[in-house]
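Q: Contents are compact mmCIF, C-alpha atoms; file name start_35.txt:
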# COMPACT_ATOMS: atom_id res chain seq x y z
CA MET A 18 21.52 -12.86 3.71
CA LEU A 19 19.70 -14.00 6.86
CA PHE A 20 19.02 -12.16 10.11
CA THR A 21 21.34 -14.64 11.80
CA GLU A 22 24.21 -13.11 9.80
CA LEU A 23 23.67 -9.56 11.12
CA ASN A 24 25.39 -9.95 14.52
CA LEU A 25 22.19 -9.66 16.49
CA SER A 26 21.91 -11.37 19.88
CA ALA A 27 19.81 -14.45 20.58
CA PRO A 28 16.90 -12.68 22.37
CA ILE A 29 16.43 -10.35 19.40
CA LEU A 30 16.72 -13.14 16.84
CA LYS A 31 14.15 -15.14 18.79
CA ALA A 32 11.67 -12.26 18.66
CA VAL A 33 12.31 -11.75 14.94
CA SER A 34 11.82 -15.45 14.25
CA GLU A 35 8.54 -15.52 16.15
CA GLU A 36 7.27 -12.77 13.84
CA GLY A 37 7.97 -15.09 10.92
CA TYR A 38 10.96 -13.23 9.48
CA THR A 39 14.18 -14.90 8.38
CA THR A 40 15.49 -12.61 5.62
CA PRO A 41 16.04 -8.86 6.11
CA THR A 42 14.68 -6.34 3.63
CA PRO A 43 17.25 -4.31 1.62
CA VAL A 44 17.11 -1.34 3.99
CA GLN A 45 17.58 -3.63 6.99
CA ALA A 46 20.47 -5.50 5.39
CA GLN A 47 22.23 -2.22 4.56
CA ALA A 48 21.39 -0.15 7.62
CA ILE A 49 21.85 -2.60 10.50
CA PRO A 50 25.63 -3.13 10.08
CA PHE A 51 26.28 0.64 9.89
CA ILE A 52 24.19 1.30 13.00
CA LEU A 53 25.89 -1.51 14.93
CA ASP A 54 29.24 0.06 14.03
CA GLY A 55 28.11 3.27 15.74
CA ARG A 56 27.85 5.32 12.55
CA ASP A 57 25.50 8.23 12.05
CA MET A 58 23.21 7.42 9.15
CA LEU A 59 20.94 9.00 6.57
CA ALA A 60 18.49 6.46 5.17
CA GLY A 61 16.28 7.13 2.18
CA ALA A 62 13.49 4.59 2.41
CA GLN A 63 9.82 4.70 1.60
CA THR A 64 7.18 3.42 3.97
CA GLY A 65 6.75 -0.34 3.71
CA THR A 66 10.43 -1.11 3.17
CA GLY A 67 10.95 -2.38 6.72
CA LYS A 68 12.74 0.74 7.94
CA THR A 69 11.22 0.63 11.45
CA ALA A 70 12.81 -2.74 12.18
CA GLY A 71 15.87 -1.41 10.35
CA PHE A 72 16.57 0.92 13.25
CA THR A 73 14.73 -0.87 16.08
CA LEU A 74 16.74 -4.10 15.88
CA PRO A 75 20.25 -2.56 15.96
CA MET A 76 19.12 0.00 18.55
CA LEU A 77 18.06 -2.82 20.88
CA GLU A 78 21.30 -4.66 20.18
CA ILE A 79 23.41 -1.61 21.09
CA LEU A 80 21.47 -1.13 24.33
CA SER A 81 22.00 -4.80 25.16
CA ARG A 82 25.74 -4.59 24.63
CA ASN A 83 25.99 -1.62 26.99
CA HIS A 84 23.32 -2.57 29.52
CA HIS A 85 23.81 -1.35 33.09
CA THR A 86 21.90 -3.35 35.68
CA LYS A 87 22.52 -0.97 38.59
CA GLY A 88 21.17 2.51 39.14
CA PRO A 89 18.02 4.29 37.92
CA ARG A 90 16.79 4.05 34.35
CA HIS A 91 17.50 6.99 32.04
CA VAL A 92 16.27 7.77 28.55
CA ARG A 93 19.07 6.34 26.41
CA VAL A 94 17.28 6.35 23.06
CA LEU A 95 15.00 9.10 21.79
CA ILE A 96 12.86 8.40 18.71
CA LEU A 97 10.98 11.37 17.22
CA THR A 98 8.06 10.82 14.86
CA PRO A 99 5.69 13.29 13.18
CA THR A 100 2.33 11.78 14.18
CA ARG A 101 0.59 9.95 17.00
CA GLU A 102 -0.14 6.91 14.85
CA LEU A 103 3.46 6.49 13.77
CA ALA A 104 4.70 6.96 17.33
CA ALA A 105 2.32 4.25 18.54
CA GLN A 106 3.40 1.87 15.79
CA VAL A 107 7.10 2.42 16.45
CA GLY A 108 6.35 1.77 20.11
CA GLU A 109 4.71 -1.54 19.22
CA SER A 110 7.75 -2.55 17.16
CA VAL A 111 10.07 -1.77 20.06
CA LYS A 112 7.96 -3.94 22.36
CA THR A 113 7.67 -6.76 19.81
CA TYR A 114 11.39 -7.04 19.06
CA GLY A 115 12.50 -6.24 22.59
CA LYS A 116 10.15 -8.57 24.47
CA TYR A 117 13.00 -10.81 25.64
CA LEU A 118 15.13 -7.86 26.73
CA PRO A 119 15.00 -6.00 30.07
CA PHE A 120 14.37 -2.54 28.63
CA LYS A 121 11.40 -0.31 29.28
CA SER A 122 9.92 1.92 26.61
CA THR A 123 7.06 4.36 26.40
CA VAL A 124 5.27 6.48 23.83
CA ILE A 125 4.23 10.08 24.44
CA PHE A 126 2.13 12.26 22.15
CA GLY A 127 -0.52 14.94 22.34
CA GLY A 128 -4.26 14.53 22.30
CA VAL A 129 -4.28 12.47 25.50
CA GLY A 130 -3.76 13.29 29.17
CA ILE A 131 -0.21 14.23 30.17
CA GLN A 132 -0.31 13.03 33.80
CA PRO A 133 -0.04 9.25 33.05
CA GLN A 134 2.94 10.06 30.83
CA ILE A 135 4.57 12.01 33.65
CA THR A 136 4.10 9.06 36.01
CA THR A 137 5.65 6.63 33.52
CA LEU A 138 8.63 8.91 32.89
CA ARG A 139 9.24 9.32 36.62
CA ASN A 140 9.38 5.55 37.00
CA GLY A 141 12.16 5.49 34.39
CA VAL A 142 12.36 4.35 30.77
CA ASP A 143 15.23 3.37 28.50
CA ILE A 144 13.57 4.13 25.16
CA LEU A 145 11.31 7.12 24.54
CA ILE A 146 9.20 7.45 21.40
CA ALA A 147 7.65 10.91 21.09
CA THR A 148 6.11 13.55 18.88
CA PRO A 149 8.05 16.82 19.06
CA GLY A 150 5.35 19.07 20.51
CA ARG A 151 4.40 16.83 23.43
CA LEU A 152 8.07 16.11 24.15
CA LEU A 153 8.72 19.84 24.51
CA ASP A 154 5.69 20.09 26.80
CA HIS A 155 7.46 17.62 29.10
CA VAL A 156 10.77 19.46 28.74
CA SER A 157 9.14 22.75 29.73
CA GLN A 158 7.56 21.10 32.79
CA GLY A 159 10.79 19.38 33.78
CA THR A 160 9.19 15.93 33.61
CA VAL A 161 11.68 14.35 31.19
CA ASP A 162 15.46 14.08 31.48
CA LEU A 163 17.30 13.88 28.16
CA ARG A 164 20.83 14.32 29.51
CA HIS A 165 21.67 10.64 29.06
CA VAL A 166 20.48 10.12 25.45
CA GLU A 167 22.97 8.02 23.51
CA MET A 168 21.00 7.68 20.27
CA LEU A 169 18.63 10.04 18.44
CA ILE A 170 16.39 8.66 15.70
CA LEU A 171 14.34 10.97 13.47
CA ASP A 172 11.72 8.88 11.69
CA GLU A 173 10.02 10.34 8.60
CA ALA A 174 12.03 13.53 9.00
CA ASP A 175 10.64 14.95 5.75
CA ARG A 176 7.11 14.85 7.12
CA MET A 177 8.19 16.49 10.37
CA LEU A 178 9.65 19.38 8.39
CA ASP A 179 6.52 19.61 6.23
CA MET A 180 4.44 19.85 9.39
CA GLY A 181 6.47 22.75 10.77
CA PHE A 182 8.48 20.87 13.38
CA VAL A 183 11.94 22.06 12.32
CA LYS A 184 12.25 24.60 15.16
CA ASP A 185 11.05 22.04 17.67
CA ILE A 186 13.54 19.47 16.40
CA ARG A 187 16.37 21.96 16.73
CA ARG A 188 15.22 22.85 20.26
CA VAL A 189 15.30 19.17 21.24
CA ILE A 190 18.72 18.65 19.67
CA ALA A 191 20.09 21.64 21.56
CA ILE A 192 19.40 19.99 24.93
CA LEU A 193 20.75 16.54 24.02
CA PRO A 194 24.30 15.41 24.82
CA GLN A 195 26.65 16.30 21.99
CA LYS A 196 28.15 12.83 22.01
CA ARG A 197 25.45 10.58 20.57
CA GLN A 198 24.59 8.50 17.52
CA ASN A 199 22.14 10.07 15.07
CA LEU A 200 19.90 8.24 12.59
CA LEU A 201 17.68 10.11 10.13
CA PHE A 202 15.07 8.39 7.96
CA SER A 203 13.31 10.21 5.15
CA ALA A 204 11.19 9.01 2.23
CA THR A 205 11.90 12.14 0.17
CA TYR A 206 14.69 14.69 -0.04
CA SER A 207 14.56 18.47 0.01
CA ASP A 208 16.89 21.38 0.70
CA GLU A 209 15.49 21.50 4.25
CA ILE A 210 16.35 17.85 4.81
CA LYS A 211 19.89 18.44 3.50
CA LYS A 212 20.33 21.38 5.90
CA LEU A 213 19.07 19.31 8.80
CA CYS A 214 21.43 16.46 7.93
CA GLU A 215 24.39 18.81 7.73
CA SER A 216 23.61 20.23 11.15
CA ILE A 217 23.20 16.97 13.09
CA LEU A 218 24.85 14.07 11.20
CA ARG A 219 28.57 13.46 11.53
CA ASN A 220 30.20 11.69 8.57
CA PRO A 221 27.01 9.69 8.01
CA ALA A 222 26.66 6.41 6.20
CA VAL A 223 24.08 6.84 3.43
CA VAL A 224 21.58 4.08 2.71
CA GLU A 225 19.09 4.42 -0.11
CA VAL A 226 16.91 1.52 -1.17
CA ALA A 227 14.73 3.33 -3.69
CA ARG A 228 15.44 6.06 -6.22
CA ARG A 229 14.96 9.49 -4.74
CA ASN A 230 11.41 10.81 -4.77
CA THR A 231 10.10 7.86 -6.76
CA SER A 232 7.01 5.79 -6.32
CA SER A 233 7.15 2.08 -5.59
CA GLU A 234 7.60 -0.08 -8.67
CA LEU A 235 5.31 -2.69 -7.11
CA VAL A 236 2.37 -0.28 -7.26
CA THR A 237 0.22 -0.14 -10.40
CA GLN A 238 -0.70 3.52 -10.85
CA ARG A 239 -3.45 4.97 -13.02
CA VAL A 240 -5.60 8.05 -13.35
CA ILE A 241 -9.34 8.14 -13.95
CA LEU A 242 -10.60 11.43 -15.36
CA VAL A 243 -13.93 12.59 -13.94
CA ASP A 244 -15.78 15.79 -13.11
CA CYS A 245 -15.19 17.08 -9.57
CA ALA A 246 -18.88 16.84 -8.70
CA ARG A 247 -19.03 13.12 -9.53
CA LYS A 248 -15.97 11.81 -7.70
CA SER A 249 -17.80 10.32 -4.73
CA ALA A 250 -20.35 8.61 -6.97
CA LEU A 251 -17.58 7.20 -9.17
CA PHE A 252 -15.67 5.93 -6.15
CA GLY A 253 -18.76 4.19 -4.78
CA HIS A 254 -19.31 2.64 -8.23
CA LEU A 255 -15.70 1.37 -8.34
CA VAL A 256 -15.96 -0.20 -4.88
CA LYS A 257 -19.14 -2.09 -5.75
CA GLU A 258 -18.18 -2.97 -9.35
CA ASN A 259 -14.76 -4.34 -8.39
CA LYS A 260 -15.93 -5.84 -5.06
CA TRP A 261 -13.13 -4.06 -3.20
CA GLU A 262 -12.85 -5.16 0.42
CA GLN A 263 -10.13 -2.86 1.78
CA VAL A 264 -9.37 0.60 0.40
CA LEU A 265 -7.54 3.57 1.89
CA VAL A 266 -8.86 6.83 0.37
CA PHE A 267 -7.15 10.20 0.60
CA THR A 268 -8.76 13.63 0.63
CA ARG A 269 -7.18 17.04 0.99
CA THR A 270 -9.46 18.24 3.78
CA LYS A 271 -11.15 17.01 6.93
CA HIS A 272 -14.47 18.29 5.59
CA GLN A 273 -14.18 16.19 2.44
CA ALA A 274 -13.11 13.11 4.43
CA ASN A 275 -16.27 13.35 6.54
CA LYS A 276 -18.40 14.05 3.48
CA LEU A 277 -17.16 11.00 1.57
CA SER A 278 -17.49 8.69 4.58
CA GLU A 279 -21.07 9.83 5.15
CA TYR A 280 -21.91 9.32 1.47
CA LEU A 281 -20.47 5.79 1.47
CA GLN A 282 -22.47 4.86 4.55
CA LYS A 283 -25.65 6.09 2.83
CA ILE A 284 -25.08 3.81 -0.17
CA GLY A 285 -24.38 0.80 2.03
CA ILE A 286 -20.56 0.75 2.12
CA ALA A 287 -19.07 0.55 5.61
CA SER A 288 -16.52 3.32 6.06
CA ALA A 289 -14.76 5.47 8.64
CA ALA A 290 -12.82 8.73 8.48
CA ILE A 291 -9.65 9.73 10.34
CA HIS A 292 -8.28 13.26 10.52
CA GLY A 293 -7.01 15.87 12.96
CA ASN A 294 -10.43 16.71 14.37
CA LYS A 295 -11.03 13.13 15.47
CA SER A 296 -10.04 12.13 18.99
CA GLN A 297 -7.17 9.72 19.40
CA ALA A 298 -9.61 7.05 20.60
CA ALA A 299 -11.77 7.52 17.51
CA ARG A 300 -8.76 7.35 15.20
CA THR A 301 -7.47 4.21 16.89
CA LYS A 302 -10.88 2.52 16.66
CA ALA A 303 -11.31 3.47 12.99
CA LEU A 304 -7.92 1.99 12.13
CA SER A 305 -8.62 -1.15 14.16
CA ASP A 306 -12.02 -1.65 12.49
CA PHE A 307 -10.39 -1.20 9.09
CA LYS A 308 -7.66 -3.74 9.77
CA GLU A 309 -10.22 -6.24 11.10
CA GLY A 310 -12.48 -5.80 8.08
CA LYS A 311 -15.37 -4.24 10.01
CA VAL A 312 -15.19 -1.27 7.62
CA LYS A 313 -14.15 -1.57 3.99
CA ILE A 314 -13.13 2.00 3.38
CA LEU A 315 -10.85 4.19 5.50
CA VAL A 316 -10.97 7.84 4.44
CA ALA A 317 -8.01 9.91 5.60
CA THR A 318 -6.19 13.19 5.24
CA ASP A 319 -2.44 13.15 4.64
CA ILE A 320 -1.53 14.08 8.20
CA ALA A 321 -3.77 11.48 9.84
CA ALA A 322 -2.65 8.69 7.52
CA ARG A 323 1.06 9.30 7.84
CA GLY A 324 2.71 6.23 9.35
CA LEU A 325 -0.30 3.92 9.09
CA ASP A 326 0.93 0.35 9.06
CA ILE A 327 -1.54 -1.86 7.21
CA ASP A 328 -0.31 -5.23 5.99
CA GLN A 329 -0.99 -6.14 2.36
CA LEU A 330 -3.26 -3.17 1.68
CA PRO A 331 -4.43 -3.81 -1.91
CA HIS A 332 -5.85 -0.42 -2.94
CA VAL A 333 -5.11 3.26 -2.37
CA VAL A 334 -7.37 5.84 -3.99
CA ASN A 335 -6.75 9.57 -4.24
CA LEU A 336 -10.20 11.13 -4.23
CA GLU A 337 -8.31 14.41 -4.46
CA LEU A 338 -4.69 14.87 -5.52
CA PRO A 339 -2.36 16.45 -2.97
CA ASN A 340 -1.13 19.95 -3.68
CA ILE A 341 2.45 18.87 -2.91
CA ALA A 342 3.76 16.25 -5.32
CA GLU A 343 5.88 14.45 -2.70
CA ASP A 344 2.72 13.68 -0.74
CA TYR A 345 1.53 11.55 -3.65
CA VAL A 346 4.55 9.29 -3.14
CA HIS A 347 3.76 9.01 0.57
CA ARG A 348 0.11 8.21 -0.13
CA ILE A 349 0.63 5.41 -2.61
CA GLY A 350 3.41 4.03 -0.42
CA ARG A 351 0.67 2.65 1.81
CA THR A 352 0.19 -0.15 -0.74
CA GLY A 353 2.76 -2.33 -2.52
CA ARG A 354 4.54 -2.91 0.78
CA ALA A 355 7.05 -5.55 1.82
CA GLY A 356 7.14 -7.16 -1.62
CA ASN A 357 3.36 -7.22 -2.12
CA GLU A 358 1.76 -5.73 -5.22
CA GLY A 359 -0.76 -2.93 -4.90
CA GLU A 360 -2.91 -0.55 -6.92
CA ALA A 361 -3.12 3.24 -6.67
CA ILE A 362 -5.93 5.05 -8.47
CA SER A 363 -6.31 8.82 -8.66
CA LEU A 364 -9.66 10.40 -9.50
CA VAL A 365 -8.64 13.59 -11.27
CA CYS A 366 -10.80 16.50 -12.37
CA VAL A 367 -9.88 19.48 -14.53
CA ASP A 368 -9.01 21.58 -11.47
CA GLU A 369 -6.15 19.21 -10.63
CA TYR A 370 -4.35 18.95 -13.95
CA ASP A 371 -1.47 21.15 -12.75
CA TYR A 372 -1.07 18.95 -9.68
CA LEU A 373 -1.01 15.87 -11.91
CA LYS A 374 1.72 17.38 -14.09
CA GLY A 375 3.81 18.09 -10.98
CA ILE A 376 3.40 14.52 -9.74
CA GLU A 377 4.39 13.06 -13.11
CA LYS A 378 7.45 15.28 -13.22
CA LEU A 379 8.48 14.16 -9.75
CA ILE A 380 8.09 10.42 -10.40
CA ASN A 381 9.45 10.80 -13.93
CA ARG A 382 6.64 8.95 -15.65
CA LYS A 383 3.34 9.67 -17.33
CA LEU A 384 0.41 7.93 -15.69
CA ASP A 385 -2.20 6.13 -17.78
CA ARG A 386 -5.50 8.01 -18.13
CA ASP A 387 -8.79 6.11 -18.09
CA ILE A 388 -12.44 7.08 -18.33
CA VAL A 389 -15.25 5.03 -16.78
CA ALA A 390 -18.42 4.65 -18.86
CA GLY A 391 -21.21 6.72 -17.39
CA PHE A 392 -18.76 9.05 -15.64
CA GLU A 393 -17.19 10.77 -18.64
CA PRO A 394 -15.86 14.26 -17.79
CA ASP A 395 -17.56 17.27 -19.37
CA PRO A 396 -14.97 18.89 -21.68
CA ASP A 397 -16.70 22.28 -21.40
CA ILE A 398 -16.08 22.69 -17.65
CA PRO A 399 -13.09 25.05 -17.18
CA ALA A 400 -10.56 24.74 -14.39
CA MET A 401 -11.16 26.51 -11.08
CA PRO A 402 -8.46 27.37 -8.51
CA ILE A 403 -8.13 24.99 -5.58
CA VAL A 404 -8.24 27.08 -2.45
CA GLN A 405 -5.90 25.89 0.31
CA GLY A 406 -6.35 26.79 3.95
CA ARG A 407 -8.79 26.65 6.80
CA GLY A 408 -12.08 26.79 4.98
CA GLY A 409 -12.20 23.02 4.77
CA GLY A 410 -13.55 22.98 1.24
CA GLY A 411 -10.31 22.73 -0.68
CA GLY A 412 -11.91 24.08 -3.84
CA ARG A 413 -14.99 22.59 -5.41
CA GLY A 414 -14.56 19.09 -4.03
CA ASN A 415 -17.83 17.40 -4.92
CA SER A 416 -19.87 20.58 -5.26
CA GLN A 417 -20.79 21.92 -8.67
CA ARG A 418 -19.24 25.11 -10.05
CA PRO A 419 -21.48 28.18 -9.99
CA GLN A 420 -22.89 28.97 -13.39
CA GLY A 421 -20.99 31.60 -15.34
CA ALA A 422 -17.79 31.32 -13.33
CA LYS A 423 -14.71 32.40 -15.22
CA PRO A 424 -11.95 29.84 -15.75
CA GLN A 425 -8.81 30.32 -13.75
CA GLY A 426 -5.59 28.34 -13.45
CA ALA A 427 -4.98 26.03 -10.53
CA LYS A 428 -2.61 26.94 -7.77
CA PRO A 429 1.02 26.50 -8.99
CA GLN A 430 2.51 23.12 -8.16
CA GLY A 431 5.61 24.60 -6.62
CA SER A 432 3.78 26.41 -3.85
CA ARG A 433 4.03 25.11 -0.30
CA ARG A 434 1.35 25.00 2.32
CA GLU A 435 1.74 26.74 5.65
CA PRO A 436 3.57 24.33 7.97
CA GLN A 437 1.22 22.81 10.51
CA LYS A 438 1.67 20.67 13.60
CA ARG A 439 -0.50 17.64 13.95
CA ASP A 440 0.55 15.76 17.06
CA GLY A 441 -2.12 17.33 19.25
CA SER A 442 0.37 18.91 21.65
CA SER A 443 -0.17 22.25 23.35
CA HIS A 444 3.27 23.46 22.28
CA ARG A 445 3.28 26.27 19.73
CA SER A 446 6.07 27.60 17.55
CA GLU A 447 6.88 31.27 17.79
CA GLY A 448 5.34 33.81 15.47
CA ARG A 449 2.32 31.86 14.18
CA SER A 450 -1.29 32.61 14.87
CA ASN A 451 -3.63 29.75 15.68
CA ASP A 452 -5.71 30.56 12.64
CA SER A 453 -2.80 30.01 10.27
CA ARG A 454 -2.30 26.56 11.72
CA ARG A 455 -5.72 25.15 11.12
CA GLY A 456 -6.01 22.88 8.15
CA ARG A 457 -6.77 19.42 7.06
Once you've parsed the file, please lay out its structure as structure tokens.

A:
Amino acid sequence: MLFTELNLSAPILKAVSEEGYTTPTPVQAQAIPFILDGRDMLAGAQTGTGKTAGFTLPMLEILSRNHHTKGPRHVRVLILTPTRELAAQVGESVKTYGKYLPFKSTVIFGGVGIQPQITTLRNGVDILIATPGRLLDHVSQGTVDLRHVEMLILDEADRMLDMGFVKDIRRVIAILPQKRQNLLFSATYSDEIKKLCESILRNPAVVEVARRNTSSELVTQRVILVDCARKSALFGHLVKENKWEQVLVFTRTKHQANKLSEYLQKIGIASAAIHGNKSQAARTKALSDFKEGKVKILVATDIAARGLDIDQLPHVVNLELPNIAEDYVHRIGRTGRAGNEGEAISLVCVDEYDYLKGIEKLINRKLDRDIVAGFEPDPDIPAMPIVQGRGGGGGRGNSQRPQGAKPQGAKPQGSRREPQKRDGSSHRSEGRSNDSRRGR
């Protein structure tokens, strides 16, 4: 199948062609016809499958077919995303594919001044891409009008629920027109996602281009066993030994992200860290430098890295395993994208064995274990619990265990972290203290 067979108009096809695309990805080929037919849709697609264009192209086509040249502009399409980075990237896709169309779009998220956003909204936009918290800031101030929304798109809905946005999403839905088209995209499935789907989707078409909760088959996955205290040194060794030029590294905490980046700089490896404590300008610059090759290593927490769009990223490394197995799938989904092969390596210490078992159960496969000469793990070191929360340490990390400490089991895999918002908005959900919302 070609894009020319998907009933898209000439201006959209021209923009697609100029990006070098002729053949749609599986999610695009399946989703676009359903969306053009006006169906609600639930799409199960991992990052890197082309899902953004999968909803952007038909959304633009529908707007074109029903374009009104007279009267003021109203928000006709609302796209909600969990993070600033993803919102910005969706906004870029809308501009890229809609450059020959007369529609105006804008992106609003927290962490930046609200006044320029208010000015843009007052001038009128057709397409609004937003993070939930900042959108509700505008709603509370009366600076956005959502009474004319014809299409609601929830991108990476699973991550929004993980981050504690479910109440915000329901508040937004409550003020939208009841007659609208709803599209929900999620890389993983949970009971919360099913409940959300049941409450907003009407007789939805279901598109699924990968097995549920599975990792990409284009990604080579392996585990390297190592002591916790030697992870940074091992990672630096791997970068130099293998002459890696572009690696995205995940840590559980902001503290550990900073610590690893500083260590790499000391041993002569250009790196940058992105996480919730970094300003939006710093995060944008770090990502830009990484894409341009000015830094080899980008160290990120799960929240900050969600939605990063990096073409042909060859390596993803988990310096620390996530405490929620589904996050592993999201992490390694940064590589092996759009038909390209990739490699995902996890540096695992004894503290994380329970997490590793949970990941293997989720992806239904046992990962190969390797040991690097000179970095063999000490079999006499017992497991210590990995402390989650606001301390920033996340357990031992790269610090050595105190002598004489008694072994304890790791935190159970099934436990969930306290939901947290990470779009930088001032909006707060009811009933949560600020302290409980600090984290990675």

Q: For a cutoff of 12 Å around the file-coordinate point (-14.7, -1.7, -3.4), which residues qualify once you count all atoms listed in the file? I'd like the result as a list of chain:residue names.

A: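 Every residue inside that radius is included here: A:Leu251, A:Phe252, A:Gly253, A:His254, A:Leu255, A:Val256, A:Lys257, A:Glu258, A:Asn259, A:Lys260, A:Trp261, A:Glu262, A:Gln263, A:Val264, A:Leu265, A:Val266, A:Leu281, A:Gly285, A:Ile286, A:Ala287, A:Ser288, A:Val312, A:Lys313, A:Ile314, A:Leu315, A:Pro331, A:His332, A:Val333, A:Val334.
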
Q: Using Å and a single decimal, report how far CA of Val236 (chain A) sits from CA of Pro339 (chain A).

A: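 Result for CA of Pro339 (chain A) versus CA of Val236 (chain A): 17.9 Å, one decimal.
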
Q: How far is it from CA of Met401 (chain A) to CA of Leu379 (chain A), in Å with one decimal?

A: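 Pair CA of Met401 (chain A) / CA of Leu379 (chain A) returns 23.2 Å.
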
Q: Counting all atoms listed in the file, find residues at most 8 Å from (16.2, 10.7, 24.0) (file frame) and give them as a list of chain:residue names.

A: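 Residues found, by chain and rising number: A:Val92, A:Arg93, A:Val94, A:Leu95, A:Ile96, A:Ile144, A:Leu145, A:Leu163, A:His165, A:Val166, A:Glu167, A:Met168, A:Leu169, A:Leu193.
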
Q: Could you state the separation of CA of Glu393 (chain A) and CA of Asp244 (chain A) in Å, given to one decimal place?

A: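 Calculated distance between CA of Glu393 (chain A) and CA of Asp244 (chain A) is 7.6 Å.
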
Q: Can I get N, CA, C and O atoms for region 93-104 of chain A, as a PDB file, in the first residue's frame?

A:
ATOM      1  N   ARG A  93     -10.600  23.107  17.150  1.00  0.00           N
ATOM      2  CA  ARG A  93     -11.397  22.001  16.615  1.00  0.00           C
ATOM      3  C   ARG A  93     -10.806  20.643  16.946  1.00  0.00           C
ATOM      4  O   ARG A  93     -11.510  19.638  16.973  1.00  0.00           O
ATOM      5  N   VAL A  94      -9.497  20.617  17.175  1.00  0.00           N
ATOM      6  CA  VAL A  94      -8.823  19.372  17.552  1.00  0.00           C
ATOM      7  C   VAL A  94      -8.004  19.627  18.809  1.00  0.00           C
ATOM      8  O   VAL A  94      -7.245  20.590  18.871  1.00  0.00           O
ATOM      9  N   LEU A  95      -8.178  18.760  19.793  1.00  0.00           N
ATOM     10  CA  LEU A  95      -7.406  18.830  21.029  1.00  0.00           C
ATOM     11  C   LEU A  95      -6.579  17.558  21.157  1.00  0.00           C
ATOM     12  O   LEU A  95      -7.127  16.451  21.145  1.00  0.00           O
ATOM     13  N   ILE A  96      -5.256  17.715  21.245  1.00  0.00           N
ATOM     14  CA  ILE A  96      -4.347  16.584  21.402  1.00  0.00           C
ATOM     15  C   ILE A  96      -3.687  16.700  22.775  1.00  0.00           C
ATOM     16  O   ILE A  96      -3.002  17.693  23.055  1.00  0.00           O
ATOM     17  N   LEU A  97      -3.899  15.718  23.632  1.00  0.00           N
ATOM     18  CA  LEU A  97      -3.292  15.701  24.961  1.00  0.00           C
ATOM     19  C   LEU A  97      -2.108  14.746  24.987  1.00  0.00           C
ATOM     20  O   LEU A  97      -2.206  13.611  24.497  1.00  0.00           O
ATOM     21  N   THR A  98      -0.996  15.210  25.548  1.00  0.00           N
ATOM     22  CA  THR A  98       0.195  14.381  25.679  1.00  0.00           C
ATOM     23  C   THR A  98       0.698  14.461  27.122  1.00  0.00           C
ATOM     24  O   THR A  98       0.407  15.433  27.826  1.00  0.00           O
ATOM     25  N   PRO A  99       1.471  13.470  27.574  1.00  0.00           N
ATOM     26  CA  PRO A  99       1.917  13.476  28.966  1.00  0.00           C
ATOM     27  C   PRO A  99       3.074  14.415  29.276  1.00  0.00           C
ATOM     28  O   PRO A  99       3.217  14.852  30.419  1.00  0.00           O
ATOM     29  N   THR A 100       3.921  14.731  28.306  1.00  0.00           N
ATOM     30  CA  THR A 100       5.129  15.499  28.603  1.00  0.00           C
ATOM     31  C   THR A 100       5.324  16.656  27.628  1.00  0.00           C
ATOM     32  O   THR A 100       4.773  16.674  26.521  1.00  0.00           O
ATOM     33  N   ARG A 101       6.159  17.599  28.058  1.00  0.00           N
ATOM     34  CA  ARG A 101       6.489  18.750  27.224  1.00  0.00           C
ATOM     35  C   ARG A 101       7.132  18.318  25.914  1.00  0.00           C
ATOM     36  O   ARG A 101       6.807  18.821  24.835  1.00  0.00           O
ATOM     37  N   GLU A 102       8.115  17.398  26.030  1.00  0.00           N
ATOM     38  CA  GLU A 102       8.855  16.982  24.837  1.00  0.00           C
ATOM     39  C   GLU A 102       7.933  16.352  23.801  1.00  0.00           C
ATOM     40  O   GLU A 102       8.025  16.642  22.600  1.00  0.00           O
ATOM     41  N   LEU A 103       7.037  15.488  24.258  1.00  0.00           N
ATOM     42  CA  LEU A 103       6.133  14.843  23.310  1.00  0.00           C
ATOM     43  C   LEU A 103       5.176  15.869  22.706  1.00  0.00           C
ATOM     44  O   LEU A 103       4.890  15.822  21.502  1.00  0.00           O
ATOM     45  N   ALA A 104       4.689  16.796  23.517  1.00  0.00           N
ATOM     46  CA  ALA A 104       3.808  17.837  22.989  1.00  0.00           C
ATOM     47  C   ALA A 104       4.512  18.630  21.890  1.00  0.00           C
ATOM     48  O   ALA A 104       3.942  18.895  20.824  1.00  0.00           O
TER      49      ALA A 104
END
